[in-house]
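Visitor: Okay, so here is work-v5.txt, and as you'll see once you scroll down, it has compact mmCIF, C-alpha atoms.
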```txt
# COMPACT_ATOMS: atom_id res chain seq x y z
CA MET A 24 -6.61 108.71 38.10
CA LYS A 25 -8.20 107.50 34.84
CA LEU A 26 -5.99 104.39 34.89
CA LYS A 27 -7.07 103.53 38.47
CA LEU A 28 -10.72 104.03 37.58
CA PHE A 29 -10.34 101.86 34.46
CA ALA A 30 -8.62 99.10 36.47
CA ALA A 31 -11.34 99.16 39.14
CA ALA A 32 -14.10 99.03 36.51
CA SER A 33 -12.37 96.18 34.68
CA ALA A 34 -12.02 94.17 37.90
CA PHE A 35 -15.71 94.72 38.68
CA ILE A 36 -16.73 93.56 35.20
CA LEU A 37 -14.52 90.47 35.40
CA VAL A 38 -15.79 89.50 38.84
CA GLY A 39 -19.39 90.08 37.76
CA ALA A 40 -18.93 88.05 34.58
CA GLY A 41 -17.45 85.16 36.55
CA CYS A 42 -20.52 85.06 38.77
CA THR A 43 -22.88 84.57 35.85
CA PHE A 44 -21.20 81.35 34.78
CA THR A 45 -21.67 79.38 38.01
CA GLN A 46 -23.82 76.26 38.04
CA THR A 47 -26.00 77.50 40.87
CA ALA A 48 -27.20 80.44 38.79
CA GLU A 49 -28.29 78.11 35.99
CA VAL A 50 -29.68 75.27 38.11
CA GLY A 51 -32.16 77.44 39.99
CA ASP A 52 -33.91 78.98 36.98
CA LEU A 53 -36.95 76.65 37.10
CA PRO A 54 -39.61 76.54 39.80
CA THR A 55 -39.85 73.44 41.99
CA VAL A 56 -43.63 73.48 42.46
CA PRO A 57 -46.30 72.94 39.78
CA PRO A 58 -48.06 76.10 38.56
CA ASP A 59 -51.43 75.17 40.11
CA GLU A 60 -49.78 74.60 43.50
CA ALA A 61 -47.91 77.91 43.19
CA MET A 62 -51.23 79.66 42.49
CA MET A 63 -52.79 78.08 45.58
CA GLN A 64 -49.86 79.31 47.67
CA GLU A 65 -50.27 82.83 46.23
CA ASP A 66 -54.03 82.74 46.94
CA ALA A 67 -53.41 81.69 50.54
CA THR A 68 -50.90 84.53 50.94
CA GLU A 69 -53.40 87.04 49.52
CA LYS A 70 -56.08 85.87 51.95
CA ASP A 71 -53.63 86.08 54.85
CA ASP A 72 -52.75 89.63 53.81
CA GLY A 73 -56.42 90.66 53.95
CA THR A 74 -56.68 91.59 50.27
CA MET A 75 -59.99 89.75 49.98
CA MET A 76 -61.86 92.35 52.10
CA ASP A 77 -64.53 93.13 49.48
CA ALA A 78 -65.51 89.46 49.24
CA GLU A 79 -65.54 89.11 53.02
CA ALA A 80 -67.79 92.16 53.35
CA GLY A 81 -70.26 90.65 50.88
CA VAL A 82 -69.78 93.40 48.30
CA GLY A 83 -70.32 92.48 44.68
CA ALA A 84 -71.34 88.80 44.93
CA SER A 85 -72.02 88.60 41.20
CA MET A 86 -68.65 90.20 40.47
CA GLU A 87 -67.02 87.60 42.75
CA ALA A 88 -68.70 84.74 40.86
CA GLU A 89 -67.53 86.22 37.55
CA THR A 90 -63.98 86.57 38.87
CA GLU A 91 -64.01 82.96 40.12
CA GLY A 92 -65.04 81.81 36.64
CA GLU A 93 -62.16 83.73 35.08
CA ALA A 94 -59.73 82.35 37.66
CA ALA A 95 -61.00 78.83 37.00
CA GLU A 96 -60.34 79.25 33.28
CA GLU A 97 -56.80 80.49 33.95
CA SER A 98 -56.01 77.65 36.35
CA GLY A 99 -57.40 74.94 34.08
CA GLU A 100 -60.65 74.37 35.97
CA SER A 101 -63.97 73.87 34.27
CA ASN A 102 -67.26 75.11 35.67
CA VAL A 103 -70.31 73.03 34.64
CA ASN A 104 -73.66 73.65 36.30
CA GLY A 105 -72.00 75.47 39.17
CA GLN A 106 -69.63 72.55 39.84
CA THR A 107 -65.92 73.25 39.53
CA SER A 108 -63.68 70.40 38.48
CA LYS A 109 -59.92 70.50 38.10
CA VAL A 110 -58.43 69.79 34.67
CA ALA A 111 -54.81 68.76 35.09
CA GLN A 112 -52.49 70.99 33.09
CA PRO A 113 -49.07 69.88 31.83
CA TYR A 114 -46.02 71.47 33.42
CA TYR A 115 -42.21 71.33 33.39
CA ILE A 116 -40.33 72.16 36.59
CA ALA A 117 -37.13 71.32 38.43
CA TYR A 118 -37.16 67.84 39.95
CA THR A 119 -37.83 67.21 43.61
CA ALA A 120 -38.59 63.69 44.83
CA ASP A 121 -41.72 64.80 46.73
CA VAL A 122 -43.33 66.62 43.80
CA ALA A 123 -42.50 63.76 41.42
CA ALA A 124 -44.10 61.30 43.87
CA ASP A 125 -47.18 63.54 44.10
CA ALA A 126 -47.45 63.62 40.30
CA GLN A 127 -47.34 59.82 40.15
CA ALA A 128 -49.91 59.58 42.98
CA GLU A 129 -52.22 61.87 40.96
CA GLY A 130 -51.93 59.41 38.06
CA ARG A 131 -50.00 61.78 35.85
CA PRO A 132 -47.64 60.56 33.15
CA VAL A 133 -44.11 61.74 33.98
CA VAL A 134 -41.19 62.87 31.84
CA TYR A 135 -37.70 63.02 33.33
CA TYR A 136 -35.11 65.05 31.43
CA PHE A 137 -31.63 64.40 32.82
CA TRP A 138 -29.87 67.75 32.50
CA ALA A 139 -26.48 69.20 33.39
CA ALA A 140 -25.55 72.87 33.56
CA TRP A 141 -22.25 72.18 31.79
CA CYS A 142 -23.89 70.26 28.89
CA PRO A 143 -24.27 72.28 25.65
CA ILE A 144 -26.74 69.76 24.21
CA CYS A 145 -28.93 70.08 27.32
CA LYS A 146 -28.91 73.87 27.10
CA ALA A 147 -29.81 73.76 23.42
CA GLU A 148 -32.62 71.21 23.53
CA GLU A 149 -34.27 71.88 26.92
CA PRO A 150 -36.28 74.99 25.90
CA THR A 151 -37.84 73.04 23.04
CA LEU A 152 -38.64 69.98 25.17
CA LYS A 153 -40.12 72.24 27.85
CA ALA A 154 -42.35 73.94 25.26
CA TRP A 155 -43.52 70.58 23.87
CA ILE A 156 -44.41 69.32 27.35
CA GLU A 157 -46.20 72.52 28.37
CA SER A 158 -48.22 72.61 25.14
CA SER A 159 -49.23 68.95 25.39
CA GLU A 160 -52.89 68.02 25.48
CA HIS A 161 -51.99 65.43 28.12
CA PRO A 162 -51.55 66.18 31.86
CA ILE A 163 -47.79 65.55 31.73
CA ALA A 164 -45.60 66.28 34.74
CA GLY A 165 -42.20 67.11 33.29
CA PHE A 166 -39.09 67.33 35.43
CA ARG A 167 -35.58 68.62 34.84
CA VAL A 168 -33.42 66.15 36.76
CA ASN A 169 -29.96 67.38 37.73
CA TYR A 170 -27.65 64.73 36.31
CA ASP A 171 -24.84 65.66 38.70
CA THR A 172 -26.81 65.52 41.97
CA GLU A 173 -29.68 63.04 41.53
CA SER A 174 -27.56 59.88 41.67
CA ALA A 175 -30.32 57.62 43.04
CA LEU A 176 -32.77 58.45 40.25
CA LYS A 177 -29.98 58.19 37.69
CA ALA A 178 -29.09 54.71 39.00
CA LYS A 179 -32.75 53.60 39.21
CA PHE A 180 -33.25 54.30 35.50
CA LYS A 181 -29.70 53.32 34.47
CA VAL A 182 -29.02 56.67 32.82
CA PRO A 183 -25.50 56.56 31.37
CA TYR A 184 -25.22 60.24 30.47
CA GLN A 185 -27.02 63.59 30.52
CA HIS A 186 -29.56 64.73 27.87
CA THR A 187 -31.51 61.51 28.38
CA THR A 188 -35.31 61.79 28.40
CA ILE A 189 -37.44 59.09 30.04
CA PHE A 190 -41.22 58.79 29.68
CA LEU A 191 -43.29 57.02 32.36
CA ASN A 192 -46.96 56.15 32.17
CA ALA A 193 -49.41 56.85 35.01
CA ASN A 194 -48.37 53.55 36.66
CA GLY A 195 -44.72 54.64 36.77
CA GLU A 196 -43.63 52.22 34.06
CA GLU A 197 -41.06 53.36 31.51
CA VAL A 198 -42.63 53.46 28.04
CA GLU A 199 -40.01 55.38 26.02
CA ARG A 200 -36.52 56.80 26.25
CA PHE A 201 -34.40 59.12 24.11
CA SER A 202 -30.76 60.09 24.43
CA GLY A 203 -29.88 63.29 22.66
CA PRO A 204 -31.79 65.17 19.99
CA VAL A 205 -35.31 64.04 19.12
CA THR A 206 -37.85 65.27 16.59
CA GLU A 207 -41.10 66.89 17.65
CA ALA A 208 -43.10 64.03 16.11
CA GLN A 209 -41.11 61.42 18.08
CA PHE A 210 -41.43 63.41 21.30
CA ARG A 211 -45.18 64.01 20.96
CA ALA A 212 -45.73 60.33 20.10
CA ALA A 213 -43.87 59.40 23.31
CA LEU A 214 -46.04 61.84 25.30
CA ALA A 215 -49.19 60.23 23.86
CA LEU A 216 -47.83 56.75 24.64
CA ALA A 217 -47.13 57.75 28.23
CA ALA A 218 -50.63 59.20 28.57
CA ARG A 219 -52.41 55.96 27.54
```
Please rewrite the model in this file as structure tokens.

Guide:
Amino acid sequence: MKLKLFAAASAFILVGAGCTFTQTAEVGDLPTVPPDEAMMQEDATEKDDGTMMDAEAGVGASMEAETEGEAAEESGESNVNGQTSKVAQPYYIAYTADVAADAQAEGRPVVYYFWAAWCPICKAEEPTLKAWIESSEHPIAGFRVNYDTESALKAKFKVPYQHTTIFLNANGEEVERFSGPVTEAQFRAALALAAR
């Protein structure tokens, strides 16, 4: 009985371990919409669910204004003389052609990081590149581009292999490119160049 139980447990562990090493599990770990768009979708869902009842009933108007100010700060909006203006925040998400086109239409500088789930260099350097993009003072739109599936984009930029990073200015013109490891100073200089 103990031997059968051990064999069943071992098979379960082996099957479970095999599932964690698939590409699909690793590819889908980034969102595909910018954070500000995701927040708008969440807000719309909350309103649809009726969770804004206090505001609709007119209760606590001053509290509502205070809450809006806090929400504006969190979403990167500034409130000057009662006027709210959007301050574009940098982000790093999984590439989709539509969102990348929207970023270019907004006049954002764009960074494409050609990534592959099977690439150890990509896995090692991506968290650092992501952090540098997200902490940038510039409104960078950073995208993880799947090297194995985005053939058209790969061909457009003549990317010979994964772990290639391409920087585009707000006009969509390539201003810098790195293949493989890069220092923080080089990367931040490329971000500033793209933001000019």

Visitor: Counting all atoms listed in the file, note down every residue that has an atom within 12 Å of the point (-36.1, 73.8, 47.9) (file coordinates), as a list in words.

Guide: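 Answer for this query, in the requested form: Val50, Gly51, Leu53, Pro54, Thr55, Val56, Ala117, Tyr118, Thr119, Ala120, Asp121 and Val122 of chain A.
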
Visitor: Under the rule that all atoms listed in the file are counted, which of A:Ala124, A:Val205, A:Ala140, A:Val133 is the nearest residue to Arg219 (chain A)?

Guide: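 Of the candidates, the smallest distance to Arg219 (chain A) is held by A:Val133.
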
Visitor: When distances are computed from all atoms listed in the file, which of A:Ile144, A:Ala111, A:Trp155, A:Glu129 shows the smallest separation from Thr187 (chain A)?

Guide: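 Smallest distance to Thr187 (chain A) is found for A:Ile144.
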
Visitor: So which one's closest to Gly203 (chain A), A:Leu216, A:Cys145, A:Ala154, A:Ala178? Using all atoms listed in the file, please.

Guide: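 Between A:Leu216, A:Cys145, A:Ala154, A:Ala178, the residue approaching Gly203 (chain A) most closely is A:Cys145.
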
Visitor: In Å, how far is it from CA of Pro162 (chain A) to CA of Ile189 (chain A)?

Guide: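 Interatomic distance here is 15.9 Å.
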
Visitor: Go through A:Gly195, A:Ala212, A:Pro57, A:Val134 and flag the residue nearest Ile163 (chain A), using only C-alpha atoms for the distances.

Guide: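 Among the listed residues, A:Val134 lies closest to Ile163 (chain A).
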
Visitor: For Thr206 (chain A), which residue out of A:Lys146, A:Arg131, A:Leu152, A:Tyr184 is the nearest one, using all atoms listed in the file?

Guide: A:Leu152

Visitor: Extract, using only C-alpha atoms, all DNA, RNA and protein residues at most 9 Å from Ala213 (chain A), discarding same-chain residues fewer than 4 positions from it, and format them as a PyMOL selection string.

Guide: chain A and resi 190+198-200+208-209+217-218

Visitor: A:Gln112, A:Ser159, A:Asn192, A:Gln185: which is nearest Trp141 (chain A), counting only C-alpha atoms?

Guide: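 Looking at the shortest contact to Trp141 (chain A), the residue is A:Gln185.
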
Visitor: Using CA of Ser202 (chain A) and CA of Ala126 (chain A) as the two end points, give the distance in Å to one decimal.

Guide: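 About the pair CA of Ser202 (chain A) and CA of Ala126 (chain A): they are 23.3 Å apart.
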
Visitor: Expressed in Å to a single decimal, how great is the separation between CA of Asp125 (chain A) and CA of Ala193 (chain A)?

Guide: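 CA of Ala193 (chain A) lies 11.5 Å from CA of Asp125 (chain A).
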
Visitor: Quick one: axis-aligned box around all listed atoms of region 202-214 of chain A, 3 Å on every side, centre and edge lengths in Å to one decimal, written as lines of an AutoDock Vina configuration file.

Guide:
```
center_x = -38.0
center_y = 63.1
center_z = 20.7
size_x = 22.2
size_y = 13.5
size_z = 15.2
```

Visitor: Do you know which residues are at most 8 Å from Arg167 (chain A) counting only C-alpha atoms, after dropping those on the same chain fewer than 5 positions away, and could you put them as a list of chain:residue names?

Guide: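 After dropping sequence-adjacent residues, the list is A:Tyr115, A:Ile116, A:Ala117, A:Tyr118, A:Tyr135, A:Tyr136, A:Phe137, A:Trp138.
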